[in-house]
>>> print(open('input.pdb').read())   # PDB, C-alpha atoms
MODEL        1
ATOM      1  CA  MET L   6      10.620 -18.821 -50.355
ATOM      2  CA  SER L   7       9.141 -15.543 -51.475
ATOM      3  CA  GLU L   8      10.217 -15.444 -55.122
ATOM      4  CA  ASN L   9       7.313 -15.449 -57.509
ATOM      5  CA  LYS L  10       7.330 -18.128 -60.166
ATOM      6  CA  PRO L  11       4.776 -18.198 -62.956
ATOM      7  CA  GLN L  12       1.893 -20.481 -62.065
ATOM      8  CA  ILE L  13       1.247 -23.661 -63.983
ATOM      9  CA  SER L  14      -1.935 -22.870 -65.848
ATOM     10  CA  ASP L  15      -1.595 -25.093 -68.863
ATOM     11  CA  VAL L  16       0.519 -28.106 -67.990
ATOM     12  CA  LYS L  17       0.383 -29.591 -71.467
ATOM     13  CA  SER L  18       1.742 -26.514 -73.248
ATOM     14  CA  LEU L  19       4.384 -26.150 -70.535
ATOM     15  CA  VAL L  20       5.522 -29.745 -71.092
ATOM     16  CA  ALA L  21       5.514 -29.275 -74.873
ATOM     17  CA  LYS L  22       7.623 -26.130 -74.542
ATOM     18  CA  VAL L  23      10.069 -27.863 -72.228
ATOM     19  CA  ALA L  24      10.423 -30.868 -74.571
ATOM     20  CA  GLU L  25      11.114 -28.484 -77.442
ATOM     21  CA  THR L  26      13.760 -26.440 -75.653
ATOM     22  CA  ASN L  27      15.205 -29.423 -73.755
ATOM     23  CA  ASP L  28      15.184 -27.257 -70.626
ATOM     24  CA  PHE L  29      13.613 -29.694 -68.186
ATOM     25  CA  ASN L  30      14.788 -27.737 -65.193
ATOM     26  CA  TYR L  31      12.206 -25.119 -66.200
ATOM     27  CA  LEU L  32       9.576 -27.703 -65.269
ATOM     28  CA  LEU L  33      11.210 -28.358 -61.894
ATOM     29  CA  GLU L  34      11.344 -24.628 -61.162
ATOM     30  CA  HIS L  35       7.549 -24.615 -61.149
ATOM     31  CA  VAL L  36       7.358 -27.166 -58.325
ATOM     32  CA  PRO L  37       8.292 -25.652 -54.935
ATOM     33  CA  TYR L  38       9.200 -29.029 -53.381
ATOM     34  CA  ALA L  39      11.677 -29.772 -56.194
ATOM     35  CA  ARG L  40      13.423 -26.477 -55.385
ATOM     36  CA  PHE L  41      13.188 -27.238 -51.642
ATOM     37  CA  ILE L  42      15.314 -30.392 -51.983
ATOM     38  CA  GLY L  43      17.326 -28.846 -54.846
ATOM     39  CA  MET L  44      16.894 -31.483 -57.558
ATOM     40  CA  GLU L  45      17.880 -31.153 -61.232
ATOM     41  CA  VAL L  46      17.375 -33.120 -64.429
ATOM     42  CA  ASN L  47      19.507 -33.791 -67.503
ATOM     43  CA  ARG L  48      18.553 -35.290 -70.820
ATOM     44  CA  PHE L  49      20.896 -37.705 -72.596
ATOM     45  CA  GLY L  50      19.349 -38.622 -75.935
ATOM     46  CA  ASP L  51      16.035 -40.201 -75.039
ATOM     47  CA  GLU L  52      16.953 -40.718 -71.394
ATOM     48  CA  LEU L  53      16.316 -38.493 -68.434
ATOM     49  CA  VAL L  54      18.734 -38.688 -65.523
ATOM     50  CA  PHE L  55      17.697 -36.885 -62.351
ATOM     51  CA  ARG L  56      20.232 -35.465 -59.935
ATOM     52  CA  LEU L  57      19.967 -34.499 -56.285
ATOM     53  CA  PRO L  58      23.095 -32.497 -55.369
ATOM     54  CA  ALA L  59      24.428 -32.943 -51.826
ATOM     55  CA  LYS L  60      22.742 -30.432 -49.516
ATOM     56  CA  ASP L  61      23.107 -30.058 -45.738
ATOM     57  CA  ASP L  62      19.373 -29.538 -45.222
ATOM     58  CA  ASN L  63      18.603 -32.953 -46.721
ATOM     59  CA  ILE L  64      20.490 -34.882 -44.040
ATOM     60  CA  GLY L  65      18.555 -37.254 -41.796
ATOM     61  CA  ASN L  66      21.139 -39.332 -39.958
ATOM     62  CA  PRO L  67      23.739 -36.894 -38.570
ATOM     63  CA  VAL L  68      26.111 -39.686 -37.462
ATOM     64  CA  LEU L  69      27.149 -41.043 -40.892
ATOM     65  CA  PRO L  70      25.998 -38.430 -42.150
ATOM     66  CA  ALA L  71      23.304 -39.760 -44.488
ATOM     67  CA  LEU L  72      20.398 -38.309 -46.437
ATOM     68  CA  HIS L  73      16.947 -38.541 -44.886
ATOM     69  CA  GLY L  74      15.148 -41.563 -46.347
ATOM     70  CA  GLY L  75      12.093 -39.408 -46.969
ATOM     71  CA  VAL L  76      14.119 -36.979 -49.093
ATOM     72  CA  ILE L  77      15.398 -39.865 -51.236
ATOM     73  CA  ALA L  78      11.792 -41.039 -51.622
ATOM     74  CA  GLY L  79      10.566 -37.528 -52.484
ATOM     75  CA  PHE L  80      13.354 -37.125 -55.032
ATOM     76  CA  MET L  81      12.454 -40.469 -56.650
ATOM     77  CA  GLU L  82       8.731 -39.689 -56.644
ATOM     78  CA  MET L  83       9.311 -36.290 -58.256
ATOM     79  CA  SER L  84      11.568 -37.964 -60.856
ATOM     80  CA  ALA L  85       8.756 -40.372 -61.770
ATOM     81  CA  ILE L  86       6.295 -37.475 -62.092
ATOM     82  CA  ILE L  87       8.590 -35.571 -64.481
ATOM     83  CA  GLN L  88       9.295 -38.750 -66.472
ATOM     84  CA  LEU L  89       5.544 -39.329 -66.918
ATOM     85  CA  MET L  90       4.843 -35.699 -67.842
ATOM     86  CA  VAL L  91       7.605 -35.595 -70.446
ATOM     87  CA  PHE L  92       7.081 -38.997 -72.068
ATOM     88  CA  MET L  93       3.306 -39.242 -71.787
ATOM     89  CA  GLN L  94       2.632 -35.535 -72.477
ATOM     90  CA  THR L  95       0.099 -35.448 -69.650
ATOM     91  CA  SER L  96      -2.301 -32.529 -69.387
ATOM     92  CA  LYS L  97      -2.130 -32.538 -65.579
ATOM     93  CA  VAL L  98       0.497 -33.290 -62.958
ATOM     94  CA  PRO L  99       0.173 -37.071 -62.274
ATOM     95  CA  LYS L 100      -1.195 -37.846 -58.789
ATOM     96  CA  VAL L 101       0.535 -40.434 -56.657
ATOM     97  CA  VAL L 102      -1.657 -43.379 -55.606
ATOM     98  CA  ASP L 103       0.931 -45.452 -53.799
ATOM     99  CA  PHE L 104       4.680 -45.369 -53.374
ATOM    100  CA  SER L 105       6.792 -48.252 -52.110
ATOM    101  CA  ILE L 106      10.529 -47.882 -51.526
ATOM    102  CA  ASP L 107      13.231 -50.377 -50.572
ATOM    103  CA  TYR L 108      16.394 -48.934 -49.082
ATOM    104  CA  LEU L 109      19.404 -50.992 -50.156
ATOM    105  CA  ARG L 110      22.335 -48.941 -48.843
ATOM    106  CA  ALA L 111      22.899 -45.784 -46.800
ATOM    107  CA  GLY L 112      22.542 -42.673 -48.971
ATOM    108  CA  TYR L 113      25.630 -40.699 -48.026
ATOM    109  CA  HIS L 114      26.025 -36.927 -48.011
ATOM    110  CA  LYS L 115      26.881 -36.665 -51.711
ATOM    111  CA  ASP L 116      25.162 -36.322 -55.094
ATOM    112  CA  SER L 117      22.440 -38.860 -55.868
ATOM    113  CA  PHE L 118      21.014 -39.854 -59.238
ATOM    114  CA  ALA L 119      17.772 -41.453 -60.351
ATOM    115  CA  GLU L 120      16.305 -42.961 -63.480
ATOM    116  CA  CYS L 121      12.745 -44.118 -64.118
ATOM    117  CA  TYR L 122      11.122 -46.868 -66.153
ATOM    118  CA  ILE L 123       7.474 -46.627 -67.083
ATOM    119  CA  THR L 124       6.541 -50.294 -66.688
ATOM    120  CA  ARG L 125       2.950 -49.964 -67.725
ATOM    121  CA  GLN L 126       0.934 -47.060 -68.968
ATOM    122  CA  GLY L 127      -2.806 -47.668 -68.820
ATOM    123  CA  ARG L 128      -5.562 -45.216 -69.631
ATOM    124  CA  ARG L 129      -5.891 -43.987 -66.069
ATOM    125  CA  VAL L 130      -3.023 -45.456 -64.102
ATOM    126  CA  ALA L 131       0.707 -45.713 -64.778
ATOM    127  CA  ASN L 132       3.190 -48.008 -63.029
ATOM    128  CA  VAL L 133       6.725 -46.621 -62.690
ATOM    129  CA  HIS L 134       9.923 -48.152 -61.337
ATOM    130  CA  ILE L 135      12.614 -45.819 -60.048
ATOM    131  CA  ASN L 136      16.259 -46.611 -59.277
ATOM    132  CA  CYS L 137      18.537 -44.372 -57.244
ATOM    133  CA  TRP L 138      22.340 -44.551 -56.945
ATOM    134  CA  GLN L 139      25.319 -42.432 -55.897
ATOM    135  CA  THR L 140      28.814 -43.440 -57.012
ATOM    136  CA  ASN L 141      27.986 -46.435 -59.177
ATOM    137  CA  ARG L 142      24.862 -47.096 -61.207
ATOM    138  CA  LYS L 143      25.151 -50.794 -60.381
ATOM    139  CA  GLN L 144      25.186 -50.177 -56.642
ATOM    140  CA  LEU L 145      21.709 -48.810 -56.038
ATOM    141  CA  ILE L 146      21.012 -47.060 -52.737
ATOM    142  CA  ALA L 147      17.249 -47.436 -53.207
ATOM    143  CA  THR L 148      14.680 -48.854 -55.577
ATOM    144  CA  ALA L 149      11.015 -47.908 -55.656
ATOM    145  CA  ARG L 150       7.804 -48.535 -57.511
ATOM    146  CA  ALA L 151       4.770 -46.314 -57.677
ATOM    147  CA  HIS L 152       1.347 -45.941 -59.237
ATOM    148  CA  PHE L 153       0.131 -42.609 -60.547
ATOM    149  CA  LEU L 154      -3.275 -41.414 -61.714
ATOM    150  CA  ILE L 155      -2.994 -39.670 -65.064
ATOM    151  CA  ASP L 156      -5.365 -37.998 -67.456
TER     152      ASP L 156
ATOM    153  CA  MET K  25      -5.333 -30.733 -31.183
ATOM    154  CA  LYS K  26      -5.116 -31.705 -27.528
ATOM    155  CA  THR K  27      -1.935 -33.365 -26.443
ATOM    156  CA  ASN K  28      -0.572 -34.347 -23.107
ATOM    157  CA  PRO K  29       3.231 -34.741 -23.065
ATOM    158  CA  GLU K  30       3.230 -35.459 -19.307
ATOM    159  CA  PHE K  31       1.130 -38.524 -19.941
ATOM    160  CA  PHE K  32       3.556 -39.765 -22.619
ATOM    161  CA  PRO K  33       6.983 -39.843 -20.965
ATOM    162  CA  MET K  34       8.978 -40.528 -24.145
ATOM    163  CA  THR K  35       7.924 -37.246 -25.759
ATOM    164  CA  GLY K  36      11.218 -35.630 -24.665
ATOM    165  CA  LEU K  37      13.356 -38.368 -26.231
ATOM    166  CA  ALA K  38      11.325 -38.292 -29.450
ATOM    167  CA  THR K  39      11.568 -34.488 -29.649
ATOM    168  CA  ARG K  40      15.357 -34.584 -29.245
ATOM    169  CA  PHE K  41      15.596 -37.336 -31.886
ATOM    170  CA  VAL K  42      13.531 -35.441 -34.459
ATOM    171  CA  ASN K  43      15.400 -32.175 -33.790
ATOM    172  CA  GLN K  44      18.708 -33.917 -34.529
ATOM    173  CA  LEU K  45      17.644 -34.521 -38.139
ATOM    174  CA  ALA K  46      18.433 -31.519 -40.361
ATOM    175  CA  GLN K  47      15.659 -32.264 -42.848
ATOM    176  CA  CYS K  48      13.081 -32.452 -40.033
ATOM    177  CA  ARG K  49      14.192 -29.078 -38.674
ATOM    178  CA  ARG K  50      13.788 -27.614 -42.168
ATOM    179  CA  LEU K  51      10.283 -29.100 -42.386
ATOM    180  CA  GLY K  52       9.435 -27.788 -38.899
ATOM    181  CA  LEU K  53       8.321 -31.214 -37.635
ATOM    182  CA  GLN K  54       7.017 -31.145 -34.054
ATOM    183  CA  VAL K  55       6.537 -34.064 -31.684
ATOM    184  CA  HIS K  56       3.187 -34.014 -29.883
ATOM    185  CA  GLU K  57       3.282 -37.383 -28.128
ATOM    186  CA  ALA K  58       5.560 -40.393 -27.855
ATOM    187  CA  SER K  59       5.385 -43.621 -25.874
ATOM    188  CA  GLU K  60       6.861 -47.105 -26.254
ATOM    189  CA  HIS K  61       3.812 -47.832 -28.443
ATOM    190  CA  HIS K  62       3.372 -44.787 -30.641
ATOM    191  CA  VAL K  63       4.575 -41.414 -31.915
ATOM    192  CA  LEU K  64       2.479 -38.451 -33.076
ATOM    193  CA  LEU K  65       4.113 -35.703 -35.181
ATOM    194  CA  GLU K  66       2.826 -32.494 -36.722
ATOM    195  CA  LEU K  67       3.958 -31.074 -40.051
ATOM    196  CA  PRO K  68       2.960 -27.399 -40.493
ATOM    197  CA  TYR K  69       1.758 -26.312 -43.951
ATOM    198  CA  ASN K  70       4.533 -24.593 -45.906
ATOM    199  CA  GLU K  71       4.271 -23.245 -49.445
ATOM    200  CA  ALA K  72       7.857 -24.297 -50.125
ATOM    201  CA  LEU K  73       6.719 -27.932 -49.948
ATOM    202  CA  ILE K  74       4.003 -27.723 -52.615
ATOM    203  CA  GLY K  75       4.103 -30.512 -55.191
ATOM    204  CA  TYR K  76       0.972 -29.563 -57.148
ATOM    205  CA  PRO K  77       1.215 -25.823 -57.886
ATOM    206  CA  ASP K  78      -2.247 -25.604 -59.430
ATOM    207  CA  THR K  79      -3.937 -26.699 -56.175
ATOM    208  CA  GLY K  80      -1.327 -25.975 -53.484
ATOM    209  CA  VAL K  81      -1.306 -29.616 -52.339
ATOM    210  CA  LEU K  82       1.950 -30.717 -50.689
ATOM    211  CA  HIS K  83       4.290 -33.129 -52.467
ATOM    212  CA  GLY K  84       3.944 -36.841 -51.669
ATOM    213  CA  GLY K  85       7.626 -36.883 -50.715
ATOM    214  CA  VAL K  86       6.841 -34.667 -47.722
ATOM    215  CA  ILE K  87       4.266 -37.195 -46.484
ATOM    216  CA  THR K  88       6.825 -39.980 -47.005
ATOM    217  CA  THR K  89       9.371 -38.002 -44.958
ATOM    218  CA  LEU K  90       6.770 -37.378 -42.227
ATOM    219  CA  MET K  91       5.834 -41.078 -42.065
ATOM    220  CA  ASP K  92       9.456 -42.299 -42.284
ATOM    221  CA  THR K  93      10.356 -39.982 -39.388
ATOM    222  CA  ALA K  94       7.301 -40.940 -37.291
ATOM    223  CA  SER K  95       7.891 -44.669 -37.897
ATOM    224  CA  GLY K  96      11.652 -44.480 -37.259
ATOM    225  CA  CYS K  97      10.998 -42.476 -34.098
ATOM    226  CA  ALA K  98       8.448 -45.052 -32.885
ATOM    227  CA  VAL K  99      11.139 -47.728 -33.354
ATOM    228  CA  VAL K 100      13.677 -45.692 -31.332
ATOM    229  CA  CYS K 101      11.135 -45.390 -28.488
ATOM    230  CA  ALA K 102      10.142 -49.075 -28.625
ATOM    231  CA  ILE K 103      13.774 -50.244 -28.522
ATOM    232  CA  LYS K 104      14.574 -47.853 -25.666
ATOM    233  CA  GLN K 105      11.695 -49.265 -23.639
ATOM    234  CA  LYS K 106      12.146 -52.960 -24.447
ATOM    235  CA  PHE K 107      15.947 -53.256 -24.504
ATOM    236  CA  ALA K 108      16.956 -50.120 -22.542
ATOM    237  CA  SER K 109      19.198 -49.305 -25.473
ATOM    238  CA  LEU K 110      19.562 -46.289 -27.746
ATOM    239  CA  GLU K 111      19.716 -47.323 -31.389
ATOM    240  CA  ILE K 112      18.899 -45.702 -34.691
ATOM    241  CA  SER K 113      17.400 -48.202 -37.073
ATOM    242  CA  PRO K 114      17.707 -47.563 -40.811
ATOM    243  CA  THR K 115      14.570 -48.038 -42.913
ATOM    244  CA  LEU K 116      14.471 -51.285 -44.879
ATOM    245  CA  ASP K 117      11.319 -50.483 -46.773
ATOM    246  CA  LEU K 118       8.391 -48.146 -46.567
ATOM    247  CA  ARG K 119       5.115 -48.183 -48.449
ATOM    248  CA  VAL K 120       2.742 -45.227 -48.484
ATOM    249  CA  ASP K 121      -0.796 -45.473 -49.904
ATOM    250  CA  TYR K 122      -2.553 -42.193 -50.616
ATOM    251  CA  MET K 123      -6.268 -42.167 -49.787
ATOM    252  CA  LYS K 124      -6.862 -38.536 -50.783
ATOM    253  CA  PRO K 125      -4.897 -35.309 -51.244
ATOM    254  CA  ALA K 126      -4.057 -33.245 -48.148
ATOM    255  CA  GLN K 127      -5.980 -29.991 -47.897
ATOM    256  CA  PRO K 128      -3.735 -26.939 -48.351
ATOM    257  CA  HIS K 129      -3.098 -24.430 -45.521
ATOM    258  CA  LYS K 130      -3.691 -27.008 -42.787
ATOM    259  CA  PRO K 131      -1.162 -29.006 -40.765
ATOM    260  CA  ILE K 132      -0.733 -32.747 -41.351
ATOM    261  CA  PHE K 133      -0.395 -35.171 -38.447
ATOM    262  CA  GLY K 134       1.689 -38.323 -38.674
ATOM    263  CA  PHE K 135       0.858 -41.181 -36.314
ATOM    264  CA  ALA K 136       3.019 -44.319 -36.236
ATOM    265  CA  GLU K 137       3.301 -47.386 -34.048
ATOM    266  CA  CYS K 138       5.928 -50.070 -33.795
ATOM    267  CA  TYR K 139       3.677 -53.141 -33.585
ATOM    268  CA  ARG K 140       6.364 -55.812 -33.602
ATOM    269  CA  LEU K 141       9.955 -55.666 -32.457
ATOM    270  CA  SER K 142      12.147 -58.736 -32.946
ATOM    271  CA  SER K 143      15.868 -59.217 -32.306
ATOM    272  CA  SER K 144      16.819 -57.882 -35.735
ATOM    273  CA  VAL K 145      13.808 -56.221 -37.363
ATOM    274  CA  ALA K 146      11.098 -53.745 -36.274
ATOM    275  CA  PHE K 147       7.730 -53.452 -38.039
ATOM    276  CA  THR K 148       5.694 -50.255 -38.135
ATOM    277  CA  ARG K 149       2.354 -48.984 -39.384
ATOM    278  CA  GLY K 150       0.762 -45.567 -39.312
ATOM    279  CA  PHE K 151      -1.457 -42.876 -40.764
ATOM    280  CA  ALA K 152      -1.171 -39.328 -42.004
ATOM    281  CA  TYR K 153      -4.326 -37.287 -41.340
ATOM    282  CA  GLN K 154      -5.672 -33.769 -40.926
ATOM    283  CA  ASP K 155      -9.119 -33.507 -39.313
ATOM    284  CA  SER K 156      -9.515 -37.025 -37.927
ATOM    285  CA  ILE K 157      -7.387 -40.155 -37.721
ATOM    286  CA  ASP K 158     -10.475 -42.038 -38.942
ATOM    287  CA  ASP K 159     -10.327 -40.092 -42.196
ATOM    288  CA  PRO K 160      -6.671 -40.542 -43.202
ATOM    289  CA  ILE K 161      -4.800 -38.925 -46.105
ATOM    290  CA  ALA K 162      -2.333 -41.768 -46.268
ATOM    291  CA  HIS K 163      -1.513 -45.121 -44.734
ATOM    292  CA  ALA K 164       2.104 -46.239 -44.238
ATOM    293  CA  VAL K 165       3.723 -49.597 -43.496
ATOM    294  CA  GLY K 166       7.426 -49.996 -42.884
ATOM    295  CA  SER K 167      10.178 -52.255 -41.636
ATOM    296  CA  PHE K 168      13.406 -51.215 -39.953
ATOM    297  CA  MET K 169      16.717 -53.000 -39.386
ATOM    298  CA  ARG K 170      18.215 -53.032 -35.922
ATOM    299  CA  ILE K 171      21.921 -52.208 -35.855
ATOM    300  CA  SER K 172      24.543 -52.204 -33.121
ATOM    301  CA  PRO K 173      24.075 -49.498 -30.440
ATOM    302  CA  GLU K 174      27.731 -48.512 -30.994
ATOM    303  CA  MET K 175      26.820 -47.216 -34.452
ATOM    304  CA  ILE K 176      24.986 -44.302 -32.902
ATOM    305  CA  GLY K 177      28.096 -42.349 -31.828
ATOM    306  CA  ASP K 178      28.718 -40.547 -28.535
ATOM    307  CA  ALA K 179      27.683 -37.074 -29.662
ATOM    308  CA  PHE K 180      24.323 -38.279 -30.974
ATOM    309  CA  ARG K 181      23.715 -40.405 -27.877
ATOM    310  CA  GLN K 182      24.325 -37.391 -25.639
ATOM    311  CA  ALA K 183      22.027 -35.251 -27.764
ATOM    312  CA  LEU K 184      19.280 -37.872 -27.454
ATOM    313  CA  MET K 185      19.653 -38.316 -23.696
ATOM    314  CA  GLY K 186      19.450 -34.579 -22.983
ATOM    315  CA  ASP K 187      19.169 -34.039 -19.200
ATOM    316  CA  GLU K 188      18.006 -37.576 -18.546
ATOM    317  CA  GLN K 189      21.445 -39.162 -18.067
TER     318      GLN K 189
ENDMDL
END
>>> encode(input="input.pdb", output="structure tokens")
Amino acid sequence: MSENKPQISDVKSLVAKVAETNDFNYLLEHVPYARFIGMEVNRFGDELVFRLPAKDDNIGNPVLPALHGGVIAGFMEMSAIIQLMVFMQTSKVPKVVDFSIDYLRAGYHKDSFAECYITRQGRRVANVHINCWQTNRKQLIATARAHFLID
Amino acid sequence: MKTNPEFFPMTGLATRFVNQLAQCRRLGLQVHEASEHHVLLELPYNEALIGYPDTGVLHGGVITTLMDTASGCAVVCAIKQKFASLEISPTLDLRVDYMKPAQPHKPIFGFAECYRLSSSVAFTRGFAYQDSIDDPIAHAVGSFMRISPEMIGDAFRQALMGDEQ
């Protein structure tokens, strides 16, 4: 990747701008890993729904084929980070402290979606739950919880 | 980093396994060592994987992918040794605790061991580190489900066996 993206210098003003224009993908464009796996985000009212379009490079199991479990985890972790930045107006990118994922079904080679719930927001640490599904929101392919340091 | 693939005879199998996974090829994951007890992988630093643009630190998801791959690969090797069977075991759950951020512009090593293998489940633990395994970036614990060897498919089995058939 050689394209030059503007650096994040002031995260807070970037987040404020993004919330104003509703262009959350602008935020994702600043994070190389988000572009690497090709994730997107859409806002529906007060909800953010994250999307990971099917991409050959994200495959782990070539037999099914299925997405690499690590890519699903990275997608969910990045979703939680964006959710925290947008709803908590953080001045820095939240740092992951721990991340625990349960895989419930194979993640097939098709679009995946994620939504996040901020379970608890303390002064320094936030707890976030993340659900990930493909064809049906009620049939999750993975669920995860994570702690992030914020300030 | 000194490694000795001759001393760890499952390095070939582990290398073929990791190279079969498209995401791992994109990440440039390399196998340094593999035995029935452990697997050691290297993830080269790559600016495309940055998660914190202000510092250049890699995204946590990359470490999760590294540790999921190392752990899953350790399970493949353990099953091959104990049951003389080639199986790919899907991850049931994986937990990664981050001790400190990885330093930019340096490779990250992923070490995993399968410390218990039962008839239906395999348990793994491991570390991600840079300078020393005693000073880890992250600690990972996982469990994997054993599935029927038929699920692996002929093409994948051949790719894993390489010249060893």
>>> atom_distance(input="input.pdb", atom1="CA of Val145 in chain K", atom2="CA of Val99 in chain K")
9.8 Å
>>> residues_around(input="input.pdb", residues="Arg181 in chain K", least_positions_apart="3", cutoff="10 Å", atoms="all atoms listed in the file", output="PyMOL selection string")
(chain L and resi 68) or (chain K and resi 41+110-112+173-178+184-186)
>>> resolve_selection(input="input.pdb", expression="the ChimeraX specification (/L :<6) & /K", output="list in words")
Leu45, Ala46, Gln47, Ala72, Leu73, Ile74, Gly75, Gly85, Thr88, Thr89, Leu116, Asp117, Leu118, Arg119, Val120, Asp121 and Tyr122 of chain K
>>> residues_around(input="input.pdb", residues="Phe92 in chain L", least_positions_apart="6", cutoff="10 Å", atoms="all atoms listed in the file", output="ChimeraX atom specification")
/L:20,24,51,53,123
>>> axis_aligned_box(input="input.pdb", around="range 128-136 of chain K", padding_each_side="6 Å", output="JSON")
{"center_x": -0.4, "center_y": -34.4, "center_z": -42.3, "size_x": 18.8, "size_y": 31.9, "size_z": 24.1}
>>> atom_distance(input="input.pdb", atom1="CA of Phe49 in chain L", atom2="CA of Tyr113 in chain L")
25.2 Å
